[in-house]
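The file data-v1.txt comes next; it holds compact mmCIF, C-alpha atoms.
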```
# COMPACT_ATOMS: atom_id res chain seq x y z
CA MET A 25 -87.43 10.65 103.90
CA SER A 26 -86.35 13.33 101.42
CA ALA A 27 -84.31 16.35 102.53
CA LYS A 28 -87.25 18.62 101.72
CA MET A 29 -89.58 16.59 103.91
CA VAL A 30 -87.04 16.62 106.74
CA MET A 31 -86.92 20.43 106.57
CA LYS A 32 -90.70 20.69 106.57
CA THR A 33 -90.95 18.40 109.58
CA ALA A 34 -88.32 20.35 111.52
CA ASP A 35 -89.91 23.66 110.55
CA PHE A 36 -93.29 22.47 111.79
CA GLU A 37 -91.79 21.29 115.08
CA ILE A 38 -89.95 24.57 115.61
CA SER A 39 -93.10 26.58 114.89
CA SER A 40 -95.10 24.40 117.27
CA LEU A 41 -92.55 24.81 120.06
CA TYR A 42 -92.50 28.58 119.57
CA ALA A 43 -96.30 28.76 119.55
CA ARG A 44 -96.34 26.89 122.88
CA ALA A 45 -93.81 29.39 124.30
CA GLN A 46 -91.17 26.67 124.58
CA TYR A 47 -88.54 29.09 123.38
CA ARG A 48 -85.47 27.26 124.68
CA SER A 49 -86.44 24.02 122.99
CA ALA A 50 -87.28 25.89 119.79
CA LEU A 51 -83.94 27.71 119.87
CA ASP A 52 -82.01 24.50 120.47
CA LEU A 53 -83.68 22.93 117.46
CA VAL A 54 -83.03 26.05 115.36
CA LEU A 55 -79.33 25.96 116.24
CA ALA A 56 -79.12 22.25 115.45
CA GLU A 57 -80.82 22.79 112.10
CA LEU A 58 -78.54 25.71 111.23
CA GLU A 59 -75.52 23.45 111.72
CA GLN A 60 -76.72 21.11 108.99
CA THR A 61 -78.57 23.48 106.67
CA GLU A 62 -76.85 25.14 103.75
CA PRO A 63 -77.46 28.90 103.36
CA GLU A 64 -78.45 28.10 99.77
CA SER A 65 -81.73 26.73 101.17
CA LYS A 66 -82.80 30.35 101.30
CA GLU A 67 -86.37 30.25 102.55
CA TYR A 68 -85.76 27.63 105.21
CA TYR A 69 -82.48 29.20 106.31
CA ARG A 70 -84.18 32.60 106.61
CA SER A 71 -87.04 31.07 108.59
CA LEU A 72 -84.59 29.44 111.00
CA LEU A 73 -82.76 32.71 111.58
CA ASP A 74 -85.97 34.67 112.05
CA THR A 75 -87.38 32.24 114.61
CA GLY A 76 -84.02 31.89 116.34
CA LEU A 77 -83.68 35.65 116.75
CA ARG A 78 -87.18 35.93 118.18
CA CYS A 79 -86.45 33.09 120.61
CA CYS A 80 -83.30 34.88 121.77
CA VAL A 81 -85.31 38.04 122.45
CA LYS A 82 -87.86 36.07 124.48
CA LEU A 83 -85.11 34.27 126.39
CA ARG A 84 -82.83 37.32 126.58
CA ASP A 85 -80.08 35.02 125.34
CA VAL A 86 -77.55 37.60 124.21
CA GLU A 87 -74.75 35.14 123.43
CA GLN A 88 -76.69 33.07 120.92
CA GLY A 89 -78.57 36.16 119.80
CA LEU A 90 -75.41 37.95 118.70
CA ARG A 91 -74.33 34.88 116.79
CA LEU A 92 -77.63 34.88 114.89
CA VAL A 93 -77.40 38.63 114.34
CA GLU A 94 -74.18 38.15 112.41
CA LEU A 95 -75.59 35.23 110.42
CA SER A 96 -78.68 37.23 109.49
CA ARG A 97 -77.05 40.57 108.69
CA ASP A 98 -77.07 40.17 104.91
CA LYS A 99 -80.79 39.33 104.95
CA TRP A 100 -82.11 42.48 106.63
CA ASP A 101 -82.73 44.19 103.30
CA THR A 102 -85.24 41.51 102.26
CA SER A 103 -86.48 40.67 105.78
CA PRO A 104 -86.86 43.99 107.61
CA SER A 105 -88.59 42.42 110.60
CA MET A 106 -85.48 40.29 111.09
CA GLY A 107 -83.36 43.44 111.16
CA SER A 108 -85.66 45.00 113.74
CA THR A 109 -85.43 41.88 115.92
CA ALA A 110 -81.66 41.94 115.54
CA SER A 111 -81.66 45.54 116.78
CA GLU A 112 -83.45 44.41 119.95
CA ILE A 113 -80.69 41.89 120.63
CA LEU A 114 -78.02 44.50 119.96
CA LEU A 115 -79.75 46.78 122.47
CA MET A 116 -79.81 43.99 125.06
CA SER A 117 -76.10 43.44 124.54
CA GLY A 118 -75.32 47.12 125.08
CA ARG A 119 -74.29 47.66 121.45
CA VAL A 120 -76.61 50.62 121.12
CA THR A 121 -74.87 52.31 118.20
CA ASP A 122 -75.02 49.03 116.27
CA ALA A 123 -78.75 48.83 117.05
CA VAL A 124 -79.27 52.30 115.57
CA SER A 125 -77.26 51.23 112.53
CA ALA A 126 -79.38 48.08 112.13
CA ASN A 127 -82.59 50.10 112.17
CA LEU A 128 -81.22 52.59 109.66
CA SER A 129 -80.25 49.67 107.43
CA VAL A 130 -83.81 48.34 107.57
CA LEU A 131 -85.29 51.75 106.75
CA ASP A 132 -82.85 52.13 103.88
CA HIS A 133 -84.53 49.20 102.14
CA ARG A 134 -88.12 49.72 103.23
CA SER A 135 -90.69 52.50 103.32
CA PRO A 136 -90.59 54.48 106.58
CA LEU A 137 -93.44 52.59 108.19
CA LYS A 138 -94.33 53.21 111.81
CA PRO A 139 -92.98 49.94 113.28
CA TYR A 140 -89.54 50.56 111.78
CA LEU A 141 -89.50 54.25 112.71
CA ASN A 142 -90.55 53.37 116.25
CA ALA A 143 -87.77 50.78 116.48
CA LEU A 144 -85.30 53.46 115.36
CA LEU A 145 -86.64 55.85 118.00
CA VAL A 146 -86.24 53.22 120.73
CA SER A 147 -82.60 52.67 119.78
CA LEU A 148 -81.95 56.42 119.55
CA GLN A 149 -83.48 57.00 122.98
CA ALA A 150 -81.28 54.22 124.38
CA LEU A 151 -78.31 55.94 122.77
CA GLN A 152 -79.34 59.20 124.43
CA GLU A 153 -79.42 57.51 127.84
CA GLN A 154 -76.00 56.01 127.21
CA SER A 155 -74.43 59.27 126.02
CA ALA A 156 -71.63 60.43 128.27
CA THR A 157 -71.36 64.05 127.13
CA GLN A 158 -73.75 66.96 126.81
CA ALA A 159 -72.84 67.30 123.13
CA SER A 160 -73.82 63.73 122.33
CA ARG A 161 -77.06 64.00 124.32
CA GLU A 162 -77.98 67.14 122.43
CA ALA A 163 -77.11 65.47 119.12
CA VAL A 164 -79.39 62.52 119.84
CA ALA A 165 -82.17 64.80 121.08
CA ARG A 166 -82.12 66.74 117.82
CA ILE A 167 -82.11 63.58 115.69
CA VAL A 168 -84.97 62.13 117.78
CA GLU A 169 -86.94 65.33 117.17
CA LEU A 170 -86.45 64.99 113.42
CA VAL A 171 -87.35 61.28 113.36
CA GLN A 172 -90.49 62.00 115.40
CA ALA A 173 -91.47 64.64 112.87
CA ARG A 174 -90.91 62.09 110.10
CA LEU A 175 -93.05 59.61 112.02
CA LEU A 176 -95.93 62.08 112.25
CA ARG A 177 -96.10 62.20 108.47
CA GLN A 178 -97.46 58.65 108.57
CA ARG A 179 -101.16 58.82 109.31
CA PRO A 180 -102.62 56.23 111.69
CA PHE A 181 -105.79 55.68 109.67
CA PRO A 182 -106.63 56.71 106.11
CA PHE A 183 -109.84 58.53 107.04
CA ILE A 184 -108.37 60.71 109.78
CA THR A 185 -107.15 64.12 108.71
CA ARG A 186 -105.07 66.50 110.76
CA ALA A 187 -102.74 69.43 110.40
CA ARG A 188 -99.52 68.53 108.64
CA PRO A 189 -96.51 68.44 111.00
CA PRO A 190 -93.30 70.36 110.31
CA ASP A 191 -91.71 69.59 106.97
CA THR A 192 -88.81 67.29 107.83
CA ALA A 193 -87.32 67.75 104.37
CA THR A 194 -86.77 71.45 105.11
CA LEU A 195 -85.47 70.72 108.60
CA SER A 196 -82.94 68.12 107.50
CA THR A 197 -81.79 70.09 104.47
CA THR A 198 -81.19 73.13 106.66
CA LEU A 199 -79.19 70.99 109.06
CA ASP A 200 -77.09 69.49 106.30
CA ASP A 201 -76.33 72.87 104.73
CA ASP A 202 -73.80 73.41 107.49
CA GLY A 203 -72.94 69.75 107.90
CA ILE A 204 -74.71 69.77 111.26
CA LEU A 205 -76.49 66.46 110.76
CA ARG A 206 -73.26 64.78 109.71
CA GLY A 207 -71.59 66.33 112.73
CA TYR A 208 -74.26 64.87 114.99
CA CYS A 209 -73.65 61.43 113.50
CA GLU A 210 -69.90 61.73 114.01
CA THR A 211 -70.46 62.78 117.62
CA LEU A 212 -72.55 59.66 118.17
CA GLY A 213 -70.10 57.30 116.49
CA LEU A 214 -72.30 56.62 113.45
CA ASP A 215 -70.32 56.09 110.27
CA ALA A 216 -70.71 57.93 106.97
CA ARG A 217 -73.05 55.27 105.56
CA ASP A 218 -75.40 55.62 108.52
CA ALA A 219 -75.27 59.41 108.21
CA GLU A 220 -76.26 59.07 104.56
CA ARG A 221 -79.11 56.72 105.46
CA LEU A 222 -80.35 59.07 108.17
CA PHE A 223 -80.29 62.08 105.86
CA SER A 224 -82.10 60.08 103.18
CA LEU A 225 -84.78 59.11 105.69
CA LEU A 226 -85.30 62.62 107.01
CA SER A 227 -85.24 64.34 103.65
CA ALA A 228 -87.56 61.90 101.89
CA THR A 229 -90.11 63.85 99.92
CA LYS A 230 -91.94 60.97 98.28
CA PRO A 231 -95.59 61.27 99.34
CA THR A 232 -97.38 58.47 101.13
CA GLU A 233 -100.41 56.88 99.50
CA ASP A 234 -102.59 58.99 101.79
CA ASP A 235 -100.86 62.18 100.67
CA ALA A 236 -101.30 61.20 97.03
CA ALA A 237 -104.99 60.55 97.61
CA ASP A 238 -105.40 63.96 99.25
CA SER A 239 -103.77 65.70 96.29
CA LYS A 240 -106.33 64.35 93.81
CA PRO A 241 -109.21 66.70 93.03
CA ALA A 242 -112.54 65.62 94.45
CA LYS A 243 -114.89 64.08 91.92
CA SER A 244 -118.26 65.62 91.32
CA VAL A 245 -121.41 63.55 91.36
CA ARG A 246 -121.44 63.74 87.56
CA ASP A 247 -117.97 62.14 87.42
CA LEU A 248 -118.90 59.22 89.67
```

Would you mind giving the structure from this file in structure tokens?
Amino acid sequence: MSAKMVMKTADFEISSLYARAQYRSALDLVLAELEQTEPESKEYYRSLLDTGLRCCVKLRDVEQGLRLVELSRDKWDTSPSMGSTASEILLMSGRVTDAVSANLSVLDHRSPLKPYLNALLVSLQALQEQSATQASREAVARIVELVQARLLRQRPFPFITRARPPDTATLSTTLDDDGILRGYCETLGLDARDAERLFSLLSATKPTEDDAADSKPAKSVRDL
């Protein structure tokens, strides 16, 4: 049997085990396959990591989960869902700041879609609960407020209209004028790269497709 056929067979078996909620068996097979699969087999290797991470979340297997987090780290930019799953494992392990960083990394490479913004909010709220000082709690609360405002800019359905929420670009720019946002990040233990990613997220002014559609003049019957 060719190597390609062996991979297809193993992939099918892993998917079948996962679909039947046999997460431990699926994870064991994933780990065995990772031991003998070269990272150069990009698609298969990525699939193994993705399924393995999801199994670890289901099993709450932090030990193996953290191992897969490190193996998958350089793939979050092309597989954002993998980065979000990794953030769940980091949260389970108590590495809350790392979970926030993982979500910011995902958002740095993808549009600020609701699932990724919600994942960031979950990790920020966990960070708020973990904060030991009033200053850090206030810092997280302010960042959460800004991320929630950014989230509201994403409309749930294209045909629903509503009043536009506060302009997060203005809010974040005002904060950064005095270095306040950067100060918040330092208080929370986020590094300069994460601070840059957060500011980029909050100050994004690129309109969504819905916004662009709204800005177009309505066509008359004659134009249709």

Coordinates-based distance that separates CA of Thr102 (chain A) from CA of Leu226 (chain A) (Å, one decimal) = 21.6 Å

key: Gap from CA of Gln172 (chain A) to CA of Val81 (chain A) - Å, one decimal   =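 Here the two named atoms are 25.5 Å from each other.
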
inquiry  = Taking all atoms listed in the file into account, name the residue in A:Gln46, A:Ser160, A:Ser71, A:Ser147 that is nearest to Lys32 (chain A).
reply    =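 Result for the nearest residue to Lys32 (chain A): A:Ser71.
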
ask   = Smallest atom-to-atom distance to Leu83 (chain A): which of A:Ser105, A:Ala56, A:Ile113, A:Glu67, using all atoms listed in the file?
value =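 That would be A:Ile113, the residue with the smallest distance to Leu83 (chain A).
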
query = Quick one, how far is CA of Met106 (chain A) from CA of Ser227 (chain A)?
reply =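 A separation of 25.2 Å between them.
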
task = Go through A:Ala173, A:Ala50, A:Leu205, A:Leu225 one by one, measure the shortest atom-to-atom distance of each to Asn127 (chain A) using all atoms listed in the file, and give the residue with the smallest value.
result =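 Of the candidates, the smallest distance to Asn127 (chain A) is held by A:Leu225.
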
key: Which of A:Leu212, A:Leu73, A:Leu53, A:Cys80 sits closest to Ser155 (chain A) [using all atoms listed in the file]   = A:Leu212

Box time for region 49-53 of chain A: axis-aligned, enclosing all its listed atoms, 3 Å extra on each side; report centre and edge lengths in Å to one decimal, as AutoDock Vina command-line options.
```
--center_x -84.6 --center_y 25.3 --center_z 120.2 --size_x 11.3 --size_y 10.8 --size_z 11.5
```

Residues proximal to (-80.4, 58.2, 106.3) were defined as those with any atom within 12 Å of that point in the file's coordinates, counting all atoms listed in the file. Which are they, as a compact mmCIF listing (two decimals) with C-alpha atoms, in the coordinates of the input?
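Output saved as selection_17.txt:
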```txt
# COMPACT_ATOMS: atom_id res chain seq x y z
CA VAL A 124 -79.27 52.30 115.57
CA SER A 125 -77.26 51.23 112.53
CA ALA A 126 -79.38 48.08 112.13
CA ASN A 127 -82.59 50.10 112.17
CA LEU A 128 -81.22 52.59 109.66
CA SER A 129 -80.25 49.67 107.43
CA VAL A 130 -83.81 48.34 107.57
CA LEU A 131 -85.29 51.75 106.75
CA ASP A 132 -82.85 52.13 103.88
CA HIS A 133 -84.53 49.20 102.14
CA ARG A 134 -88.12 49.72 103.23
CA PRO A 136 -90.59 54.48 106.58
CA LEU A 141 -89.50 54.25 112.71
CA LEU A 144 -85.30 53.46 115.36
CA ILE A 167 -82.11 63.58 115.69
CA LEU A 170 -86.45 64.99 113.42
CA VAL A 171 -87.35 61.28 113.36
CA ARG A 174 -90.91 62.09 110.10
CA ALA A 193 -87.32 67.75 104.37
CA SER A 196 -82.94 68.12 107.50
CA ASP A 200 -77.09 69.49 106.30
CA LEU A 205 -76.49 66.46 110.76
CA ARG A 206 -73.26 64.78 109.71
CA CYS A 209 -73.65 61.43 113.50
CA LEU A 214 -72.30 56.62 113.45
CA ASP A 215 -70.32 56.09 110.27
CA ALA A 216 -70.71 57.93 106.97
CA ARG A 217 -73.05 55.27 105.56
CA ASP A 218 -75.40 55.62 108.52
CA ALA A 219 -75.27 59.41 108.21
CA GLU A 220 -76.26 59.07 104.56
CA ARG A 221 -79.11 56.72 105.46
CA LEU A 222 -80.35 59.07 108.17
CA PHE A 223 -80.29 62.08 105.86
CA SER A 224 -82.10 60.08 103.18
CA LEU A 225 -84.78 59.11 105.69
CA LEU A 226 -85.30 62.62 107.01
CA SER A 227 -85.24 64.34 103.65
CA ALA A 228 -87.56 61.90 101.89
```

message = Considering all atoms listed in the file, can you say which of A:Lys28, A:Arg119, A:Arg48, A:Arg97 comes closest to Cys79 (chain A)?
response = A:Arg48

task = Compare A:Asp52, A:Leu151, A:Ala159, A:Glu210 by their minimum atom-to-atom distance to Thr121 (chain A), counting all atoms listed in the file, and give me the closest one.
result =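 For Thr121 (chain A), the nearest of the given residues is A:Leu151.
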